Structure formats: C-alpha cells, structure tokens
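This is model-v4.cif. It holds mmCIF, C-alpha atoms.
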```cif
data_entry
loop_
_atom_site.label_atom_id
_atom_site.label_comp_id
_atom_site.auth_asym_id
_atom_site.auth_seq_id
_atom_site.Cartn_x
_atom_site.Cartn_y
_atom_site.Cartn_z
CA MET A 182 12.30 116.60 -41.32
CA LYS A 183 10.99 116.16 -44.88
CA LYS A 184 12.41 112.62 -44.91
CA LEU A 185 10.59 111.78 -41.68
CA TRP A 186 7.33 113.22 -43.01
CA ALA A 187 7.63 111.14 -46.18
CA ILE A 188 8.06 107.97 -44.12
CA VAL A 189 4.95 108.80 -42.03
CA CYS A 190 2.88 109.47 -45.15
CA GLY A 191 4.03 106.19 -46.66
CA ILE A 192 2.94 104.27 -43.58
CA VAL A 193 -0.48 105.96 -43.60
CA LEU A 194 -0.93 105.17 -47.29
CA LEU A 195 0.02 101.52 -46.72
CA PHE A 196 -2.59 101.10 -43.96
CA SER A 197 -5.28 102.81 -46.03
CA LEU A 198 -4.65 100.49 -48.99
CA THR A 199 -4.71 97.44 -46.71
CA ALA A 200 -8.02 98.58 -45.24
CA CYS A 201 -9.49 98.95 -48.72
CA GLY A 202 -8.30 95.45 -49.60
CA LYS A 203 -10.14 94.04 -46.58
CA LYS A 204 -13.40 95.84 -47.19
CA ASP A 205 -16.38 94.13 -45.52
CA LYS A 206 -18.30 92.17 -48.16
CA GLY A 207 -21.47 91.92 -46.02
CA PRO A 208 -23.29 88.73 -45.00
CA THR A 209 -22.84 85.58 -47.06
CA PRO A 210 -25.96 84.94 -49.19
CA SER A 211 -28.02 82.00 -47.92
CA GLY A 212 -27.01 78.67 -49.39
CA THR A 213 -23.74 79.81 -50.91
CA ALA A 214 -20.59 77.80 -50.33
CA ASN A 215 -19.36 78.63 -46.86
CA GLY A 216 -16.62 76.04 -46.55
CA ASP A 217 -18.03 74.31 -43.47
CA GLY A 218 -18.98 71.06 -45.23
CA ARG A 219 -22.60 70.73 -44.12
CA SER A 220 -24.43 67.75 -45.60
CA LEU A 221 -28.05 66.69 -46.04
CA GLY A 222 -29.23 63.15 -45.36
CA LEU A 223 -32.47 61.23 -45.86
CA GLY A 224 -33.19 57.76 -44.50
CA SER A 225 -36.19 55.52 -43.96
CA VAL A 226 -37.46 52.20 -42.64
CA ASN A 227 -40.30 50.72 -44.71
CA THR A 228 -42.13 47.54 -43.73
CA LEU A 229 -45.11 45.35 -44.50
CA ALA A 230 -46.67 43.56 -41.49
CA VAL A 231 -49.10 40.76 -42.35
CA ASP A 232 -51.90 39.78 -39.95
CA GLY A 233 -53.44 36.60 -41.32
CA ASN A 234 -54.58 36.66 -44.95
CA GLU A 235 -56.90 39.64 -44.77
CA LYS A 236 -54.89 42.47 -43.21
CA THR A 237 -51.58 44.11 -44.09
CA THR A 238 -50.12 47.15 -42.35
CA VAL A 239 -47.84 49.45 -44.30
CA LYS A 240 -45.43 51.45 -42.16
CA THR A 241 -42.74 53.92 -43.17
CA THR A 242 -40.53 55.96 -40.83
CA VAL A 243 -38.55 58.75 -42.48
CA ALA A 244 -35.73 60.88 -41.06
CA ALA A 245 -33.97 63.95 -42.45
CA VAL A 246 -30.75 65.32 -40.96
CA VAL A 247 -28.21 68.06 -41.49
CA LEU A 248 -24.66 67.16 -40.46
CA ASN A 249 -21.74 69.47 -39.81
CA LYS A 250 -18.25 68.84 -41.19
CA ASP A 251 -17.53 66.54 -38.23
CA GLY A 252 -20.50 64.32 -39.10
CA LYS A 253 -22.56 65.45 -36.11
CA ILE A 254 -26.28 66.10 -36.40
CA THR A 255 -27.17 69.79 -36.22
CA GLU A 256 -30.83 69.35 -37.22
CA CYS A 257 -33.18 66.37 -37.31
CA LYS A 258 -36.75 65.87 -38.53
CA LEU A 259 -38.91 62.73 -38.39
CA ASP A 260 -42.28 61.68 -39.73
CA GLU A 261 -44.09 58.38 -39.97
CA ALA A 262 -46.96 56.91 -41.96
CA GLU A 263 -48.76 53.76 -40.85
CA PHE A 264 -51.99 52.46 -42.29
CA PRO A 265 -53.86 49.15 -42.59
CA VAL A 266 -54.96 47.64 -45.88
CA GLU A 267 -57.75 45.11 -45.32
CA LEU A 268 -59.90 42.73 -47.29
CA LYS A 269 -63.60 42.32 -46.55
CA SER A 270 -65.24 39.60 -48.62
CA GLY A 271 -62.30 39.94 -50.97
CA VAL A 272 -62.80 43.69 -51.45
CA LEU A 273 -59.90 46.04 -50.67
CA GLN A 274 -60.49 48.45 -47.79
CA VAL A 275 -58.13 51.40 -47.26
CA ALA A 276 -58.38 54.87 -45.73
CA VAL A 277 -59.24 57.69 -48.13
CA ASP A 278 -56.74 60.17 -46.64
CA LEU A 279 -53.37 58.52 -46.14
CA LEU A 280 -51.91 61.20 -43.86
CA THR A 281 -48.71 60.82 -41.88
CA LYS A 282 -48.73 60.97 -38.09
CA GLY A 283 -47.11 64.40 -38.23
CA GLU A 284 -49.86 65.64 -40.57
CA THR A 285 -52.77 64.20 -38.58
CA GLU A 286 -54.32 66.76 -36.27
CA ASP A 287 -54.65 65.42 -32.71
CA TYR A 288 -53.17 62.07 -33.73
CA THR A 289 -54.15 59.32 -31.26
CA LEU A 290 -51.23 57.19 -30.07
CA THR A 291 -51.63 53.44 -30.65
CA ASP A 292 -50.09 50.23 -29.33
CA SER A 293 -47.74 50.39 -32.31
CA ASP A 294 -46.41 53.70 -30.98
CA LEU A 295 -46.25 52.89 -27.27
CA GLY A 296 -46.41 49.11 -26.87
CA ALA A 297 -49.48 47.16 -25.82
CA GLY A 298 -51.25 48.53 -22.75
CA ASN A 299 -49.06 51.65 -22.41
CA THR A 300 -50.36 55.21 -22.35
CA SER A 301 -48.85 58.66 -22.64
CA ARG A 302 -50.26 62.13 -22.19
CA ALA A 303 -47.68 63.77 -24.48
CA SER A 304 -48.51 64.15 -28.18
CA TRP A 305 -46.70 62.24 -30.91
CA ASP A 306 -45.27 65.51 -32.27
CA ASP A 307 -43.86 66.56 -28.89
CA GLN A 308 -42.28 63.16 -28.27
CA VAL A 309 -40.68 63.08 -31.72
CA GLU A 310 -39.31 66.55 -31.11
CA ALA A 311 -37.81 65.33 -27.83
CA PHE A 312 -36.12 62.46 -29.69
CA CYS A 313 -34.75 64.80 -32.36
CA ASP A 314 -33.43 67.20 -29.72
CA TYR A 315 -31.70 64.28 -28.01
CA VAL A 316 -29.83 63.10 -31.11
CA GLU A 317 -28.64 66.55 -32.16
CA GLY A 318 -24.90 66.72 -31.57
CA MET A 319 -24.49 62.97 -32.13
CA THR A 320 -22.89 61.10 -35.00
CA GLY A 321 -24.77 58.36 -36.81
CA ALA A 322 -22.78 55.72 -34.94
CA GLN A 323 -23.75 57.28 -31.60
CA VAL A 324 -27.42 57.31 -32.58
CA SER A 325 -27.19 53.66 -33.62
CA ALA A 326 -25.74 52.84 -30.20
CA ILE A 327 -28.71 54.28 -28.25
CA ALA A 328 -29.87 51.56 -25.86
CA ALA A 329 -33.59 50.85 -26.24
CA THR A 330 -35.15 48.21 -23.97
CA ASP A 331 -38.35 46.89 -25.53
CA GLY A 332 -37.84 49.61 -28.14
CA LYS A 333 -37.78 52.46 -25.62
CA SER A 334 -35.10 54.54 -23.92
CA GLU A 335 -35.30 56.02 -20.44
CA MET A 336 -32.46 58.37 -21.39
CA ILE A 337 -34.71 60.48 -23.63
CA GLN A 338 -36.85 62.67 -21.40
CA GLY A 339 -40.25 63.47 -22.87
CA CYS A 340 -40.30 60.50 -25.26
CA ASP A 341 -42.19 57.32 -24.33
CA LEU A 342 -42.49 56.10 -27.91
CA ILE A 343 -40.98 52.94 -29.35
CA ILE A 344 -37.94 54.42 -31.09
CA THR A 345 -36.38 51.41 -32.83
CA ASP A 346 -37.33 52.62 -36.31
CA PHE A 347 -36.46 56.22 -35.41
CA ILE A 348 -32.91 55.12 -34.57
CA SER A 349 -32.57 53.09 -37.78
CA ALA A 350 -33.97 55.86 -40.00
CA VAL A 351 -31.72 58.54 -38.49
CA HIS A 352 -28.66 56.29 -38.73
CA GLU A 353 -29.42 55.59 -42.40
CA ALA A 354 -29.93 59.30 -43.04
CA THR A 355 -26.44 60.03 -41.68
CA ARG A 356 -24.96 57.29 -43.87
CA ASN A 357 -26.72 58.66 -46.96
CA ALA A 358 -25.76 62.29 -46.29
CA LYS A 359 -24.27 64.28 -49.16
CA VAL A 360 -22.28 67.50 -48.85
CA LYS A 361 -24.42 70.39 -50.07
CA ASN A 362 -24.34 74.21 -50.20
CA ILE A 363 -26.10 74.56 -46.84
CA ALA A 364 -25.52 77.75 -44.84
CA ALA A 365 -25.61 77.91 -41.05
CA GLY A 366 -29.03 79.55 -40.87
CA ASP A 367 -30.79 77.35 -43.43
CA GLU A 368 -33.88 75.54 -42.15
CA LEU A 369 -34.43 71.79 -42.55
CA GLU A 370 -37.84 70.56 -43.72
CA LEU A 371 -39.18 67.05 -44.37
CA ALA A 372 -42.24 65.89 -46.29
CA VAL A 373 -43.70 62.40 -46.67
CA SER A 374 -46.67 61.62 -48.93
CA VAL A 375 -48.53 58.34 -49.42
CA ALA A 376 -50.95 57.64 -52.27
CA LYS A 377 -52.46 54.71 -54.07
CA SER A 378 -50.38 54.22 -57.18
CA GLY A 379 -51.66 54.75 -60.70
CA GLU A 380 -50.16 51.32 -61.43
CA SER A 381 -52.34 49.69 -58.76
CA THR A 382 -54.74 46.93 -59.86
CA ASP A 383 -57.37 44.85 -58.09
CA ALA A 384 -55.02 41.87 -57.99
CA LYS A 385 -51.88 43.86 -57.23
CA PRO A 386 -52.63 46.94 -55.09
CA GLN A 387 -49.70 49.34 -54.81
CA PHE A 388 -49.04 52.37 -52.62
CA ASP A 389 -46.33 54.90 -53.45
CA ILE A 390 -44.44 56.62 -50.65
CA GLU A 391 -42.66 59.85 -51.59
CA MET A 392 -40.12 61.45 -49.26
CA ALA A 393 -38.14 64.68 -49.57
CA ALA A 394 -35.69 66.57 -47.36
CA VAL A 395 -34.93 70.19 -48.22
CA THR A 396 -33.09 73.07 -46.64
CA LEU A 397 -34.41 76.59 -47.08
CA GLY A 398 -32.55 79.89 -46.96
CA GLY A 399 -33.84 83.10 -45.44
CA ASP A 400 -35.42 83.95 -48.79
CA ASP A 401 -37.36 80.65 -48.73
CA ARG A 402 -35.32 79.32 -51.64
CA ILE A 403 -34.25 75.69 -51.67
CA THR A 404 -30.53 75.43 -50.88
CA ALA A 405 -30.39 71.61 -50.91
CA CYS A 406 -32.81 68.82 -51.85
CA LEU A 407 -32.79 65.04 -51.48
CA THR A 408 -35.66 62.83 -52.63
CA ASP A 409 -36.48 59.13 -52.46
CA SER A 410 -39.42 56.83 -53.10
CA ALA A 411 -40.71 53.47 -51.89
CA GLN A 412 -43.38 51.19 -53.32
CA ALA A 413 -45.59 48.99 -51.16
CA LYS A 414 -46.65 46.21 -53.52
CA LEU A 415 -49.39 43.85 -52.34
CA THR A 416 -50.77 40.70 -53.97
CA ILE A 417 -54.29 39.30 -53.76
CA GLU A 418 -55.07 35.72 -54.81
CA ASN A 419 -58.39 33.96 -54.28
CA SER A 420 -59.69 37.00 -52.35
CA LEU A 421 -56.81 36.80 -49.83
CA PHE A 422 -53.44 38.51 -49.44
CA SER A 423 -50.62 36.23 -50.57
CA HIS A 424 -47.49 38.39 -50.16
CA ALA A 425 -44.90 38.01 -47.41
CA ALA A 426 -44.14 40.40 -44.56
CA GLY A 427 -40.80 42.17 -44.38
CA LYS A 428 -38.83 45.28 -45.18
CA MET A 429 -39.07 47.22 -48.42
CA ASP A 430 -36.09 48.96 -50.01
CA THR A 431 -36.48 52.45 -51.41
CA LYS A 432 -35.50 53.13 -55.01
CA ARG A 433 -32.33 54.88 -53.85
CA GLY A 434 -31.66 52.04 -51.46
CA MET A 435 -31.73 49.54 -54.32
CA GLY A 436 -29.04 51.51 -56.14
CA ASP A 437 -28.01 49.87 -59.43
CA ALA A 438 -30.09 46.82 -58.54
CA TYR A 439 -33.26 48.80 -59.29
CA GLY A 440 -32.52 48.03 -62.93
CA MET A 441 -33.59 51.20 -64.72
CA LYS A 442 -30.27 51.88 -66.44
CA GLU A 443 -30.66 49.28 -69.18
CA ALA A 444 -34.25 50.29 -69.89
CA SER A 445 -33.49 54.03 -69.80
CA SER A 446 -33.10 55.96 -73.06
CA ILE A 447 -30.35 57.99 -71.38
CA LYS A 448 -28.76 54.95 -69.68
CA LYS A 449 -29.04 56.37 -66.18
CA GLU A 450 -30.22 54.60 -63.04
CA TRP A 451 -33.20 55.89 -61.01
CA TYR A 452 -31.05 57.48 -58.30
CA GLU A 453 -28.97 59.32 -60.91
CA GLN A 454 -32.11 60.78 -62.48
CA ALA A 455 -33.47 61.68 -59.03
CA ASP A 456 -30.18 63.52 -58.42
CA ALA A 457 -30.87 65.58 -61.55
CA PHE A 458 -34.31 66.51 -60.19
CA ASP A 459 -32.81 67.43 -56.82
CA ALA A 460 -30.24 69.68 -58.49
CA TYR A 461 -33.01 71.35 -60.53
CA ALA A 462 -34.94 72.18 -57.35
CA VAL A 463 -32.04 74.11 -55.79
CA GLY A 464 -32.40 77.89 -55.99
CA LYS A 465 -36.17 77.81 -56.40
CA THR A 466 -38.99 78.69 -54.05
CA ALA A 467 -41.85 76.25 -53.56
CA ALA A 468 -44.03 78.37 -55.86
CA GLU A 469 -41.39 78.43 -58.59
CA LEU A 470 -40.80 74.68 -58.37
CA ALA A 471 -44.55 74.03 -58.54
CA LYS A 472 -44.64 75.72 -61.96
CA LEU A 473 -42.55 72.94 -63.51
CA SER A 474 -44.54 71.56 -66.45
CA VAL A 475 -45.26 67.82 -66.27
CA GLY A 476 -47.07 65.76 -68.91
CA ASN A 477 -49.87 63.25 -68.44
CA ASP A 478 -47.19 60.57 -68.10
CA GLY A 479 -45.69 62.43 -65.13
CA LYS A 480 -42.53 63.30 -67.06
CA THR A 481 -40.90 66.58 -68.05
CA ASP A 482 -38.53 67.75 -70.76
CA ALA A 483 -37.28 70.62 -68.60
CA ILE A 484 -34.67 68.68 -66.59
CA SER A 485 -31.58 67.41 -68.34
CA GLY A 486 -30.69 63.88 -67.29
CA CYS A 487 -34.15 63.08 -65.91
CA THR A 488 -36.64 61.04 -67.94
CA ILE A 489 -38.44 59.30 -65.05
CA ALA A 490 -41.98 60.14 -63.97
CA ILE A 491 -41.60 62.89 -61.36
CA SER A 492 -45.16 64.08 -60.67
CA GLY A 493 -45.30 62.51 -57.18
CA MET A 494 -41.72 63.50 -56.40
CA LEU A 495 -42.39 67.07 -57.55
CA LYS A 496 -45.57 67.45 -55.53
CA ASN A 497 -43.89 66.15 -52.39
CA ALA A 498 -40.77 68.32 -52.81
CA VAL A 499 -43.03 71.37 -53.15
CA LYS A 500 -44.84 70.25 -50.01
CA ALA A 501 -41.52 70.10 -48.13
CA ALA A 502 -40.48 73.56 -49.31
CA ASP A 503 -43.87 75.11 -48.59
CA GLN A 504 -44.18 74.26 -44.89
CA ASP A 505 -44.86 77.10 -42.46
#
```

What does this structure look like when you write it as structure tokens?
Amino acid sequence: MKKLWAIVCGIVLLFSLTACGKKDKGPTPSGTANGDGRSLGLGSVNTLAVDGNEKTTVKTTVAAVVLNKDGKITECKLDEAEFPVELKSGVLQVAVDLLTKGETEDYTLTDSDLGAGNTSRASWDDQVEAFCDYVEGMTGAQVSAIAATDGKSEMIQGCDLIITDFISAVHEATRNAKVKNIAAGDELELAVSVAKSGESTDAKPQFDIEMAAVTLGGDDRITACLTDSAQAKLTIENSLFSHAAGKMDTKRGMGDAYGMKEASSIKKEWYEQADAFDAYAVGKTAAELAKLSVGNDGKTDAISGCTIAISGMLKNAVKAADQD
C-alpha cells in the first residue's frame, strides 16, 4: 500500500513540476520577435511630365506594405502628391502648400486621376482604400499582374481611379520589403512630404520628396521604420524649362550609384546611413523621436553611422508615427 501511495505522489509531483515549467508568460510585447517573419516595404513611382517649355508636373505615388512570411500583403497604404510648376514671364509659379492628395481635405478628382472626361462620386481616399483592400492577401507578383485597361480595372469594386502607378508602387514596395520585428497587431502608417529644397536656385529649382513607412505597437512606439527620398530637379534656361520628362529614381533606388560612399567621411552610401536612422527610430514614440537634436546643417551626432542631413527625413518620420 505504501509503495502504491509513493508512486501516486511521484506522478502528482511530476505533473506539478511540468505545469510550473509551462507557466503562462502573458502576451508578447508589441514589436518583439514573434517568429512569423513579417516584413515592411516602401515603394514609389516618381515622374516629371513636361507640357511645352513653361509647365512641368511633378508626380509621386508612394506605397507602404506589410508582408507575412509567405510574402502576401497583410496591410497596404497609399498616398500621392501631384503639383504643377509653371513659368509666367520667366518667373517660377508653384503652390505654397504642397499637400498630398491624402492630406488635402475634400480633394477634387482630376483628369489625371480618372482619365479625361470621366467623373466619380466616390472620394479619392475611399477609392484608394478599395484598391488597398483588394490587394491585401496578394503577393507582389499577383499585384503586378492586375489587368488594367486604360489604367483602370473593373475587378476592383469602388475604385474608378487610374491605378497604373498604384500597381507599380505596391509591387516595388513588396520587392523592397525587409524582415522586421513587426507583431501581428502593429499598425501600418505612411507619410509623404513635399517641400522646396534649400538647395533650390532660380536657375535650378528643386523639390524634395520625403517618404516614410512605420509600424506602431499598441503603446504607439515605432516597431519598424523605412525611409526614402526623391529629388525633383528642374532646369530653367532663357526663362524656359529645359529639362526632359521621365521617371526619377529615389536615393534608395539608386543604391551604390548615388555616389555618396566616396564622399562620405564614414564611407557609407546614402541607403546605409538611412538604415541607421531607421534603426534609431525603432522603440520610440513620435514625441520622443521629435526630440532628436539636429544642427543648422540638418545633421546630428546622435546616430552612429549616419552623417547625412536628416531634418526632412526626421520630420516626415515623426509625421508618419504621429497620425491619428
């Protein structure tokens, strides 16, 4: 009898120890490694369209995506900036507030959005949301394969917009995606900012386009960040525009061809230094990131491996992380 009782007690003790070893650790903190391989991607299409010698239209379409371990889109965000730069009697004319379409309250759809002569009662925001909903669950290759007659697709209910650049930007975002510490509940945000560059001159006007994709945890801390920048460089000769139309590469898109490495005191290319900024942003709230000290030259000593001017990049990343 005593032998039987000893065996029973041993079994009970074994189960109790096993239970202690499997004690519930509680929910996984937001943004910590969860082993599911989520990645963050940022892509864009940037173009200059020339209309004669006195008007240039700058257009940038930016997409941010989160992909699961299978490379399928779980979240998608899009924004677009489009603005004319004109000459009147040789004097540059440009809008004061260079807001994106997503930022513009009650944005009015144009022929560029819908095609000449077409109308739509749905807002730009609602139609972009319909497009993003449609591509969720797709891979980049599947997005690229979306059939668009005259730039539109009848398959996407609630979206009458020309989506050619949307498709290209999303596809590029999936190709550029990097595995990050993104948890299942983290929220994707995108910010795009356009401003006349401090390097702009009367003969060579320049507009800088900053773009940032971030994911935010439940505590509003950045769990992943990806930034990029494009420069729209125009040329005026004899009171007329003299540059060609075409696509513009972003600084990340240029890769090593951007040519900063040789000129850099730390021998790092632009995208490598942008990576250092992105890593610095992780773990911070928008308010904490905004406190980063930047000199008059736009640079900071606070980020190891980053000697580039980051003032525009910083402001736009804060904007992305501070959205309601």

Hits of the PyMOL selection byres ((chain A and resi 423) around 12) in this structure, as a ChimeraX atom specification: /A:231-237,268,384-386,414-422,424-426

Go through the shown structure with the PyMOL selection byres ((chain A and resi 277) around 12) and write out the matching residues as a PDB file with C-alpha atoms, in the coordinates of the input.
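Wrote selection14.pdb, looks like this:
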```
ATOM      1  CA  PHE A 264     -51.990  52.460 -42.290  1.00  0.00           C
ATOM      2  CA  PRO A 265     -53.860  49.150 -42.590  1.00  0.00           C
ATOM      3  CA  VAL A 266     -54.960  47.640 -45.880  1.00  0.00           C
ATOM      4  CA  LEU A 273     -59.900  46.040 -50.670  1.00  0.00           C
ATOM      5  CA  GLN A 274     -60.490  48.450 -47.790  1.00  0.00           C
ATOM      6  CA  VAL A 275     -58.130  51.400 -47.260  1.00  0.00           C
ATOM      7  CA  ALA A 276     -58.380  54.870 -45.730  1.00  0.00           C
ATOM      8  CA  ASP A 278     -56.740  60.170 -46.640  1.00  0.00           C
ATOM      9  CA  LEU A 279     -53.370  58.520 -46.140  1.00  0.00           C
ATOM     10  CA  LEU A 280     -51.910  61.200 -43.860  1.00  0.00           C
ATOM     11  CA  VAL A 375     -48.530  58.340 -49.420  1.00  0.00           C
ATOM     12  CA  ALA A 376     -50.950  57.640 -52.270  1.00  0.00           C
ATOM     13  CA  LYS A 377     -52.460  54.710 -54.070  1.00  0.00           C
TER      14      LYS A 377
END
```

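With distances restricted to all atoms listed in the file, A:Asp383 is the closest residue to A:Gly271 from A:Leu371, A:Val324, A:Asp383, A:Gln454.
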
Given the PyMOL selection byres ((chain A and resi 407-411) around 10), the residues it picks as a PyMOL selection string: chain A and resi 221-227+241+245+357-359+371-375+388-396+405-406+412-414+429-434+451-452+455-456+458-460+462+493-495+497-498

Please write out, as AutoDock Vina command-line options, where the centre of an axis-aligned box around all listed atoms of stretch 382-391 of chain A lies and how long its edges are, in Å to one decimal, after adding 4 Å on each side.
```
--center_x -50.0 --center_y 50.9 --center_z -55.3 --size_x 22.7 --size_y 26.0 --size_z 17.2
```

Gap from atom CA of A:Ile363 to atom CA of A:Leu473 - Å, one decimal: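 Separation of atom CA of A:Ile363 and atom CA of A:Leu473: 23.5 Å.
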
A:Ile337 environment, 9 Å, all atoms listed in the file, sequence neighbours closer than 4 positions dropped, as a ChimeraX atom specification: /A:311-312,315,333,341
